[in-house]
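Source file: entry_12.cif. Holds: mmCIF, C-alpha atoms, pLDDT in the B column; chains and numbers go by the auth columns.
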```
data_upload
loop_
_atom_site.group_PDB
_atom_site.id
_atom_site.type_symbol
_atom_site.label_atom_id
_atom_site.label_comp_id
_atom_site.label_asym_id
_atom_site.label_seq_id
_atom_site.Cartn_x
_atom_site.Cartn_y
_atom_site.Cartn_z
_atom_site.B_iso_or_equiv
_atom_site.auth_seq_id
_atom_site.auth_asym_id
ATOM 1 C CA MET A 1 5.599 47.648 119.168 51.00 525 H
ATOM 2 C CA ASN A 2 2.419 47.335 121.233 57.00 526 H
ATOM 3 C CA ASN A 3 -0.968 48.248 119.829 75.00 527 H
ATOM 4 C CA ILE A 4 -1.224 51.676 121.488 80.00 528 H
ATOM 5 C CA SER A 5 2.252 52.781 120.402 86.00 529 H
ATOM 6 C CA SER A 6 1.410 51.642 116.871 86.00 530 H
ATOM 7 C CA PHE A 7 -1.377 54.261 116.833 85.00 531 H
ATOM 8 C CA PHE A 8 1.165 56.982 117.625 91.00 532 H
ATOM 9 C CA TYR A 9 3.587 55.679 114.994 90.00 533 H
ATOM 10 C CA ASN A 10 0.879 55.455 112.334 86.00 534 H
ATOM 11 C CA GLY A 11 -0.348 58.971 113.120 87.00 535 H
ATOM 12 C CA TRP A 12 3.226 60.297 112.883 91.00 536 H
ATOM 13 C CA HIS A 13 3.951 58.291 109.736 89.00 537 H
ATOM 14 C CA HIS A 14 0.732 59.424 108.068 84.00 538 H
ATOM 15 C CA ILE A 15 2.034 63.014 108.220 87.00 539 H
ATOM 16 C CA VAL A 16 5.817 62.810 107.770 90.00 540 H
ATOM 17 C CA ALA A 17 6.124 59.997 105.212 88.00 541 H
ATOM 18 C CA ILE A 18 6.951 61.049 101.664 86.00 542 H
ATOM 19 C CA SER A 19 3.942 59.008 100.554 84.00 543 H
ATOM 20 C CA ALA A 20 1.820 61.491 102.552 83.00 544 H
ATOM 21 C CA TYR A 21 2.954 64.345 100.314 89.00 545 H
ATOM 22 C CA ASP A 22 -0.584 65.702 99.977 90.00 546 H
ATOM 23 C CA HIS A 23 -0.823 66.260 103.744 88.00 547 H
ATOM 24 C CA LEU A 24 2.718 67.665 103.858 90.00 548 H
ATOM 25 C CA LEU A 25 1.796 70.029 101.042 94.00 549 H
ATOM 26 C CA PHE A 26 -1.368 71.143 102.842 94.00 550 H
ATOM 27 C CA VAL A 27 0.482 71.863 106.114 93.00 551 H
ATOM 28 C CA MET A 28 3.253 73.787 104.318 95.00 552 H
ATOM 29 C CA THR A 29 0.778 75.764 102.213 95.00 553 H
ATOM 30 C CA LEU A 30 -1.298 76.520 105.304 93.00 554 H
ATOM 31 C CA CYS A 31 1.779 77.916 107.079 93.00 555 H
ATOM 32 C CA ALA A 32 3.236 79.846 104.129 94.00 556 H
ATOM 33 C CA ALA A 33 1.464 83.128 104.913 91.00 557 H
ATOM 34 C CA PHE A 34 2.744 83.230 108.499 92.00 558 H
ATOM 35 C CA LYS A 35 5.966 84.885 109.596 91.00 559 H
ATOM 36 C CA LEU A 36 8.391 83.433 112.143 91.00 560 H
ATOM 37 C CA ALA A 37 7.082 85.751 114.865 92.00 561 H
ATOM 38 C CA GLN A 38 3.593 84.289 114.410 90.00 562 H
ATOM 39 C CA TRP A 39 4.566 80.820 115.667 88.00 563 H
ATOM 40 C CA LYS A 40 1.776 80.806 118.276 90.00 564 H
ATOM 41 C CA GLN A 41 -0.824 81.350 115.550 90.00 565 H
ATOM 42 C CA ILE A 42 0.741 78.522 113.561 91.00 566 H
ATOM 43 C CA LEU A 43 0.395 76.142 116.520 89.00 567 H
ATOM 44 C CA VAL A 44 -3.266 77.154 116.932 90.00 568 H
ATOM 45 C CA ILE A 45 -3.923 76.557 113.225 91.00 569 H
ATOM 46 C CA ILE A 46 -2.219 73.156 113.246 90.00 570 H
ATOM 47 C CA THR A 47 -4.261 72.218 116.315 88.00 571 H
ATOM 48 C CA ALA A 48 -7.460 73.404 114.556 91.00 572 H
ATOM 49 C CA PHE A 49 -6.557 71.062 111.688 91.00 573 H
ATOM 50 C CA THR A 50 -6.111 68.199 114.173 87.00 574 H
ATOM 51 C CA ILE A 51 -9.469 68.972 115.816 90.00 575 H
ATOM 52 C CA GLY A 52 -11.160 68.962 112.414 90.00 576 H
ATOM 53 C CA HIS A 53 -9.854 65.595 111.329 85.00 577 H
ATOM 54 C CA SER A 54 -10.453 64.160 114.811 86.00 578 H
ATOM 55 C CA GLY A 55 -14.154 64.812 114.335 87.00 579 H
ATOM 56 C CA THR A 56 -14.148 62.982 111.030 87.00 580 H
ATOM 57 C CA LEU A 57 -12.159 60.087 112.496 81.00 581 H
ATOM 58 C CA ILE A 58 -14.714 59.651 115.271 81.00 582 H
ATOM 59 C CA LEU A 59 -17.670 59.762 112.875 84.00 583 H
ATOM 60 C CA SER A 60 -15.965 57.389 110.453 79.00 584 H
ATOM 61 C CA ALA A 61 -14.893 54.946 113.167 74.00 585 H
ATOM 62 C CA LEU A 62 -18.511 54.826 114.340 76.00 586 H
ATOM 63 C CA ASP A 63 -19.640 54.244 110.711 76.00 587 H
ATOM 64 C CA PHE A 64 -21.554 57.526 110.494 82.00 588 H
ATOM 65 C CA ILE A 65 -19.558 58.666 107.451 79.00 589 H
ATOM 66 C CA PRO A 66 -18.965 56.306 104.529 72.00 590 H
ATOM 67 C CA ALA A 67 -15.510 56.515 102.954 69.00 591 H
ATOM 68 C CA ASN A 68 -15.364 57.363 99.270 77.00 592 H
ATOM 69 C CA SER A 69 -11.672 57.201 98.364 80.00 593 H
ATOM 70 C CA LYS A 70 -12.136 58.593 94.844 85.00 594 H
ATOM 71 C CA LEU A 71 -13.949 61.666 96.163 88.00 595 H
ATOM 72 C CA ILE A 72 -11.376 62.153 98.935 88.00 596 H
ATOM 73 C CA GLU A 73 -8.542 61.984 96.385 89.00 597 H
ATOM 74 C CA MET A 74 -10.184 64.895 94.561 92.00 598 H
ATOM 75 C CA LEU A 75 -11.141 66.955 97.608 94.00 599 H
ATOM 76 C CA ILE A 76 -7.713 66.976 99.275 94.00 600 H
ATOM 77 C CA PRO A 77 -5.847 68.712 96.426 96.00 601 H
ATOM 78 C CA PHE A 78 -8.797 71.089 96.106 95.00 602 H
ATOM 79 C CA THR A 79 -8.308 72.082 99.785 96.00 603 H
ATOM 80 C CA ILE A 80 -4.641 72.829 99.063 96.00 604 H
ATOM 81 C CA MET A 81 -5.557 74.994 96.073 97.00 605 H
ATOM 82 C CA ILE A 82 -8.102 77.015 98.075 95.00 606 H
ATOM 83 C CA THR A 83 -5.579 77.452 100.902 95.00 607 H
ATOM 84 C CA ALA A 84 -2.966 78.715 98.418 96.00 608 H
ATOM 85 C CA VAL A 85 -5.407 81.259 96.975 94.00 609 H
ATOM 86 C CA ALA A 86 -6.407 82.373 100.500 92.00 610 H
ATOM 87 C CA ASN A 87 -2.716 82.941 101.314 91.00 611 H
ATOM 88 C CA ILE A 88 -2.417 85.425 98.474 90.00 612 H
ATOM 89 C CA ILE A 89 -5.705 87.308 98.824 89.00 613 H
ATOM 90 C CA THR A 90 -5.588 87.599 102.643 83.00 614 H
ATOM 91 C CA TYR A 91 -1.874 88.327 103.024 75.00 615 H
ATOM 92 C CA GLU A 92 -1.357 90.893 105.781 67.00 616 H
ATOM 93 C CA GLY A 93 -5.143 91.098 106.103 54.00 617 H
ATOM 94 C CA SER A 94 -6.801 92.864 108.976 44.00 618 H
ATOM 95 C CA GLY A 95 -10.238 93.459 110.406 44.00 619 H
ATOM 96 C CA ARG A 96 -13.164 91.096 110.624 45.00 620 H
ATOM 97 C CA PHE A 97 -12.012 88.799 107.812 49.00 621 H
ATOM 98 C CA SER A 98 -8.306 88.831 108.573 57.00 622 H
ATOM 99 C CA GLY A 99 -5.979 86.235 107.136 64.00 623 H
ATOM 100 C CA ALA A 100 -5.544 84.513 110.499 70.00 624 H
ATOM 101 C CA LYS A 101 -9.297 84.115 111.049 77.00 625 H
ATOM 102 C CA ILE A 102 -9.734 82.716 107.557 81.00 626 H
ATOM 103 C CA LYS A 103 -6.815 80.319 108.093 83.00 627 H
ATOM 104 C CA TYR A 104 -8.324 79.038 111.366 87.00 628 H
ATOM 105 C CA SER A 105 -11.581 78.315 109.546 87.00 629 H
ATOM 106 C CA ILE A 106 -9.768 76.691 106.635 90.00 630 H
ATOM 107 C CA ALA A 107 -7.710 74.491 108.947 92.00 631 H
ATOM 108 C CA LEU A 108 -10.755 73.338 110.915 92.00 632 H
ATOM 109 C CA ILE A 109 -13.064 72.735 107.946 93.00 633 H
ATOM 110 C CA PHE A 110 -10.427 71.212 105.693 93.00 634 H
ATOM 111 C CA GLY A 111 -9.261 69.099 108.631 91.00 635 H
ATOM 112 C CA LEU A 112 -12.632 67.362 108.371 90.00 636 H
ATOM 113 C CA ILE A 113 -11.876 66.476 104.740 90.00 637 H
ATOM 114 C CA HIS A 114 -8.306 65.353 105.436 88.00 638 H
ATOM 115 C CA GLY A 115 -9.638 63.257 108.297 86.00 639 H
ATOM 116 C CA LEU A 116 -11.444 61.123 105.732 84.00 640 H
ATOM 117 C CA ALA A 117 -8.057 60.134 104.316 80.00 641 H
ATOM 118 C CA PHE A 118 -6.855 59.177 107.798 75.00 642 H
ATOM 119 C CA ALA A 119 -10.077 57.309 108.567 74.00 643 H
ATOM 120 C CA SER A 120 -9.458 54.163 106.534 66.00 644 H
ATOM 121 C CA ASN A 121 -6.077 53.584 108.217 67.00 645 H
ATOM 122 C CA PHE A 122 -7.504 54.378 111.621 71.00 646 H
ATOM 123 C CA LYS A 123 -10.484 52.019 111.318 67.00 647 H
ATOM 124 C CA PHE A 124 -8.217 49.221 110.109 65.00 648 H
ATOM 125 C CA MET A 125 -6.033 49.610 113.210 67.00 649 H
ATOM 126 C CA LEU A 126 -8.836 49.467 115.803 65.00 650 H
ATOM 127 C CA PHE A 127 -8.582 46.322 117.889 59.00 651 H
ATOM 128 C CA ASP A 128 -11.589 46.663 120.210 62.00 652 H
ATOM 129 C CA ASP A 129 -14.746 48.702 120.617 62.00 653 H
ATOM 130 C CA SER A 130 -13.026 51.566 122.401 73.00 654 H
ATOM 131 C CA ILE A 131 -11.926 54.403 120.146 77.00 655 H
ATOM 132 C CA ILE A 132 -11.087 57.089 122.742 80.00 656 H
ATOM 133 C CA LEU A 133 -7.516 56.076 123.667 85.00 657 H
ATOM 134 C CA PRO A 134 -6.543 54.947 120.134 83.00 658 H
ATOM 135 C CA LEU A 135 -7.944 58.199 118.700 83.00 659 H
ATOM 136 C CA LEU A 136 -6.076 60.280 121.272 86.00 660 H
ATOM 137 C CA VAL A 137 -2.771 58.500 120.614 89.00 661 H
ATOM 138 C CA PHE A 138 -3.236 58.528 116.809 86.00 662 H
ATOM 139 C CA ASN A 139 -3.960 62.277 116.897 85.00 663 H
ATOM 140 C CA LEU A 140 -0.985 62.846 119.169 91.00 664 H
ATOM 141 C CA GLY A 141 1.201 61.168 116.534 91.00 665 H
ATOM 142 C CA ILE A 142 -0.321 63.369 113.834 88.00 666 H
ATOM 143 C CA GLU A 143 0.102 66.524 115.926 89.00 667 H
ATOM 144 C CA VAL A 144 3.756 65.755 116.738 93.00 668 H
ATOM 145 C CA GLY A 145 4.368 64.994 113.048 93.00 669 H
ATOM 146 C CA GLN A 146 2.754 68.275 112.020 91.00 670 H
ATOM 147 C CA ILE A 147 4.795 70.250 114.545 92.00 671 H
ATOM 148 C CA PHE A 148 7.958 68.579 113.225 95.00 672 H
ATOM 149 C CA ILE A 149 7.041 69.511 109.629 94.00 673 H
ATOM 150 C CA VAL A 150 6.206 73.085 110.671 94.00 674 H
ATOM 151 C CA PHE A 151 9.537 73.348 112.523 95.00 675 H
ATOM 152 C CA VAL A 152 11.487 72.228 109.437 95.00 676 H
ATOM 153 C CA PHE A 153 9.410 74.526 107.233 96.00 677 H
ATOM 154 C CA MET A 154 9.861 77.555 109.480 96.00 678 H
ATOM 155 C CA PHE A 155 13.579 76.819 109.850 96.00 679 H
ATOM 156 C CA SER A 156 13.768 76.957 106.043 97.00 680 H
ATOM 157 C CA LEU A 157 11.950 80.315 106.150 96.00 681 H
ATOM 158 C CA TRP A 158 14.461 81.561 108.724 96.00 682 H
ATOM 159 C CA ILE A 159 17.387 80.565 106.486 97.00 683 H
ATOM 160 C CA TYR A 160 15.651 82.230 103.517 96.00 684 H
ATOM 161 C CA THR A 161 15.058 85.532 105.334 95.00 685 H
ATOM 162 C CA GLU A 162 18.291 85.701 107.364 95.00 686 H
ATOM 163 C CA PHE A 163 20.911 84.424 104.922 95.00 687 H
ATOM 164 C CA ILE A 164 19.368 84.815 101.475 95.00 688 H
ATOM 165 C CA LYS A 165 17.676 88.064 102.568 95.00 689 H
ATOM 166 C CA GLY A 166 14.443 87.172 100.833 95.00 690 H
ATOM 167 C CA THR A 167 11.159 88.790 101.800 94.00 691 H
ATOM 168 C CA HIS A 168 8.311 86.951 103.417 93.00 692 H
ATOM 169 C CA LEU A 169 5.931 88.133 100.693 93.00 693 H
ATOM 170 C CA LYS A 170 8.039 86.382 98.035 95.00 694 H
ATOM 171 C CA TRP A 171 8.211 83.272 100.230 96.00 695 H
ATOM 172 C CA ASN A 172 4.430 83.235 100.581 95.00 696 H
ATOM 173 C CA ILE A 173 3.878 83.716 96.848 95.00 697 H
ATOM 174 C CA PHE A 174 6.400 81.017 95.939 97.00 698 H
ATOM 175 C CA VAL A 175 5.183 78.401 98.434 97.00 699 H
ATOM 176 C CA SER A 176 1.508 79.146 97.775 97.00 700 H
ATOM 177 C CA GLY A 177 2.052 79.088 94.006 97.00 701 H
ATOM 178 C CA ALA A 178 3.987 75.834 94.202 97.00 702 H
ATOM 179 C CA GLY A 179 1.315 74.358 96.471 97.00 703 H
ATOM 180 C CA PHE A 180 -1.422 75.387 94.050 98.00 704 H
ATOM 181 C CA GLY A 181 0.442 74.003 91.036 97.00 705 H
ATOM 182 C CA ILE A 182 1.303 70.655 92.620 97.00 706 H
ATOM 183 C CA ALA A 183 -2.226 70.287 94.002 97.00 707 H
ATOM 184 C CA ALA A 184 -3.713 71.083 90.585 97.00 708 H
ATOM 185 C CA THR A 185 -1.593 68.289 89.098 97.00 709 H
ATOM 186 C CA ILE A 186 -2.756 65.873 91.823 95.00 710 H
ATOM 187 C CA LEU A 187 -6.382 66.909 91.233 96.00 711 H
ATOM 188 C CA LEU A 188 -6.141 66.393 87.458 96.00 712 H
ATOM 189 C CA ASP A 189 -4.575 62.985 88.059 95.00 713 H
ATOM 190 C CA ALA A 190 -7.360 62.054 90.517 92.00 714 H
ATOM 191 C CA ILE A 191 -10.031 63.161 88.035 93.00 715 H
ATOM 192 C CA ALA A 192 -8.376 61.146 85.251 93.00 716 H
ATOM 193 C CA ASN A 193 -8.324 58.041 87.462 89.00 717 H
ATOM 194 C CA ALA A 194 -11.856 58.447 88.827 79.00 718 H
#
```

Exercise: express the given structure as structure tokens:
Amino acid sequence: MNNISSFFYNGWHHIVAISAYDHLLFVMTLCAAFKLAQWKQILVIITAFTIGHSGTLILSALDFIPANSKLIEMLIPFTIMITAVANIITYEGSGRFSGAKIKYSIALIFGLIHGLAFASNFKFMLFDDSIILPLLVFNLGIEVGQIFIVFVFMFSLWIYTEFIKGTHLKWNIFVSGAGFGIAATILLDAIANA
């Protein structure tokens, strides 16, 4: 595997690996409030997340942002918990502060925080002074990984609604509640180990 393709693989692996469960949980919780027909909005939100963590990766690679792994380990589950709460309180929202607008903001802002977790791996992989191509390829791997996770997640939603005849509201409450609970456990563990 050449150096450039390793950036794609590491970006993909950082999202789809079981060891990346916190990022998987964030992506699934972020998508829980969206119905199958809203797939375009989901792609925009996932891309907003990628844009957010791209900014952090650039700043970190240029040593403008110091990495504090203990703080990051606490902030990431906190982002999942806030996303889960937003899913419930903005469900089927409309108007100026609609659920979709809030989700776009959440994805972009929390992408900055999640980017800090990617940053240590990314900086370690850099092999010269240029960060543009490696960053592009790394983010492409992350984006493809996220789209894969969203596809599997939405396929599960389709099975749930078509064959089990469950409602989307129950799906949203279950996934958001599970996301909140798991993230709370991760946060408590991070605080205990700080």

Distance table requested - stretch 654-715 of chain H against stretch 597-603 of chain H, cut-off 9 Å, only C-alpha atoms: one row per qualifying residue with the closest atom pair and its distance in Å to one decimal, ordered by chain and rising residue number, as a tab-separated table.
```
residue	atom	partner	partner_atom	distance
H:Phe704	CA	H:Pro601	CA	8.4
H:Ile706	CA	H:Pro601	CA	8.3
H:Ala707	CA	H:Pro601	CA	4.6
H:Ala708	CA	H:Pro601	CA	6.7
H:Thr709	CA	H:Pro601	CA	8.5
H:Ile710	CA	H:Pro601	CA	6.2
H:Leu711	CA	H:Met598	CA	5.4
H:Leu712	CA	H:Met598	CA	8.3
H:Asp713	CA	H:Met598	CA	8.8
H:Ala714	CA	H:Met598	CA	5.7
H:Ile715	CA	H:Met598	CA	6.8
```

For stretch 570-576 of chain H, list every protein, DNA or RNA residue within 9 Å, evaluated using all atoms listed in the file, and leave out those in the same chain fewer than 2 positions away; present the list as a PyMOL selection string. chain H and resi 551+554-555+565-568+578-581+628-639+663-664+666-667+670-671+674

Taken to one decimal, the atom CA of H:Leu583-atom CA of H:Leu595 distance is 17.2 Å

Using atom CA of H:His538 and atom CA of H:His692 as the two end points, give the distance in Å to one decimal.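 If I compute the distance from atom CA of H:His538 to atom CA of H:His692, I get 28.9 Å.
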
Between H:Ile683, H:Val668, H:Ile596, H:Val609, which residue has the minimum interatomic distance to H:Trp536, considering all atoms listed in the file?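 Looking at the shortest contact to H:Trp536, the residue is H:Val668.
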
Point-to-point distance in Å for atom CA of H:Ile582 and atom CA of H:Leu640: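 We find that atom CA of H:Leu640 and atom CA of H:Ile582 lie 10.2 Å from each other.
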
Fill-in result for stretch 667-702 of chain H, N, CA and C atoms as a compact mmCIF listing (two decimals), in the frame of the given file:
```
# COMPACT_ATOMS: atom_id res chain seq x y z
N GLU H 667 -0.25 65.18 115.45
CA GLU H 667 0.10 66.52 115.93
C GLU H 667 1.62 66.69 116.05
N VAL H 668 2.29 65.69 116.61
CA VAL H 668 3.76 65.76 116.74
C VAL H 668 4.39 65.78 115.35
N GLY H 669 3.87 64.99 114.42
CA GLY H 669 4.37 64.99 113.05
C GLY H 669 4.18 66.35 112.39
N GLN H 670 3.02 66.96 112.60
CA GLN H 670 2.75 68.28 112.02
C GLN H 670 3.68 69.33 112.60
N ILE H 671 3.90 69.28 113.90
CA ILE H 671 4.80 70.25 114.54
C ILE H 671 6.21 70.08 114.01
N PHE H 672 6.64 68.83 113.80
CA PHE H 672 7.96 68.58 113.22
C PHE H 672 8.06 69.19 111.83
N ILE H 673 7.05 68.96 110.99
CA ILE H 673 7.04 69.51 109.63
C ILE H 673 7.06 71.04 109.67
N VAL H 674 6.25 71.62 110.55
CA VAL H 674 6.21 73.08 110.67
C VAL H 674 7.57 73.61 111.12
N PHE H 675 8.22 72.93 112.06
CA PHE H 675 9.54 73.35 112.52
C PHE H 675 10.54 73.36 111.37
N VAL H 676 10.57 72.30 110.59
CA VAL H 676 11.49 72.23 109.44
C VAL H 676 11.15 73.33 108.43
N PHE H 677 9.87 73.51 108.18
CA PHE H 677 9.41 74.53 107.23
C PHE H 677 9.80 75.93 107.69
N MET H 678 9.55 76.23 108.97
CA MET H 678 9.86 77.56 109.48
C MET H 678 11.37 77.77 109.60
N PHE H 679 12.12 76.72 109.85
CA PHE H 679 13.58 76.82 109.85
C PHE H 679 14.07 77.19 108.45
N SER H 680 13.44 76.61 107.43
CA SER H 680 13.77 76.96 106.04
C SER H 680 13.43 78.42 105.76
N LEU H 681 12.32 78.91 106.30
CA LEU H 681 11.95 80.32 106.15
C LEU H 681 12.99 81.20 106.83
N TRP H 682 13.45 80.79 108.00
CA TRP H 682 14.46 81.56 108.72
C TRP H 682 15.75 81.66 107.91
N ILE H 683 16.19 80.56 107.34
CA ILE H 683 17.39 80.56 106.49
C ILE H 683 17.16 81.49 105.29
N TYR H 684 15.98 81.41 104.68
CA TYR H 684 15.65 82.23 103.52
C TYR H 684 15.69 83.72 103.85
N THR H 685 15.12 84.11 105.00
CA THR H 685 15.06 85.53 105.33
C THR H 685 16.37 86.06 105.92
N GLU H 686 17.08 85.23 106.69
CA GLU H 686 18.29 85.70 107.36
C GLU H 686 19.53 85.65 106.48
N PHE H 687 19.68 84.61 105.69
CA PHE H 687 20.91 84.42 104.92
C PHE H 687 20.76 84.78 103.44
N ILE H 688 19.60 84.49 102.88
CA ILE H 688 19.37 84.82 101.48
C ILE H 688 18.77 86.22 101.36
N LYS H 689 18.28 86.73 102.48
CA LYS H 689 17.68 88.06 102.57
C LYS H 689 16.43 88.20 101.70
N GLY H 690 15.70 87.13 101.57
CA GLY H 690 14.44 87.17 100.83
C GLY H 690 13.33 87.74 101.69
N THR H 691 12.29 88.23 101.06
CA THR H 691 11.16 88.79 101.80
C THR H 691 10.11 87.70 102.05
N HIS H 692 9.35 87.92 103.10
CA HIS H 692 8.31 86.95 103.42
C HIS H 692 7.22 86.93 102.34
N LEU H 693 6.93 88.08 101.75
CA LEU H 693 5.93 88.13 100.69
C LEU H 693 6.32 87.21 99.53
N LYS H 694 7.58 87.26 99.12
CA LYS H 694 8.04 86.38 98.04
C LYS H 694 7.97 84.91 98.45
N TRP H 695 8.30 84.64 99.70
CA TRP H 695 8.21 83.27 100.23
C TRP H 695 6.77 82.77 100.14
N ASN H 696 5.84 83.60 100.60
CA ASN H 696 4.43 83.24 100.58
C ASN H 696 3.94 82.98 99.16
N ILE H 697 4.31 83.87 98.25
CA ILE H 697 3.88 83.72 96.85
C ILE H 697 4.47 82.45 96.25
N PHE H 698 5.75 82.20 96.51
CA PHE H 698 6.40 81.02 95.94
C PHE H 698 5.79 79.73 96.49
N VAL H 699 5.70 79.63 97.82
CA VAL H 699 5.18 78.40 98.43
C VAL H 699 3.72 78.20 98.07
N SER H 700 2.93 79.26 98.11
CA SER H 700 1.51 79.15 97.78
C SER H 700 1.33 78.78 96.30
N GLY H 701 2.12 79.41 95.43
CA GLY H 701 2.05 79.09 94.01
C GLY H 701 2.46 77.66 93.72
N ALA H 702 3.54 77.22 94.38
CA ALA H 702 3.99 75.83 94.20
C ALA H 702 2.93 74.87 94.74
```
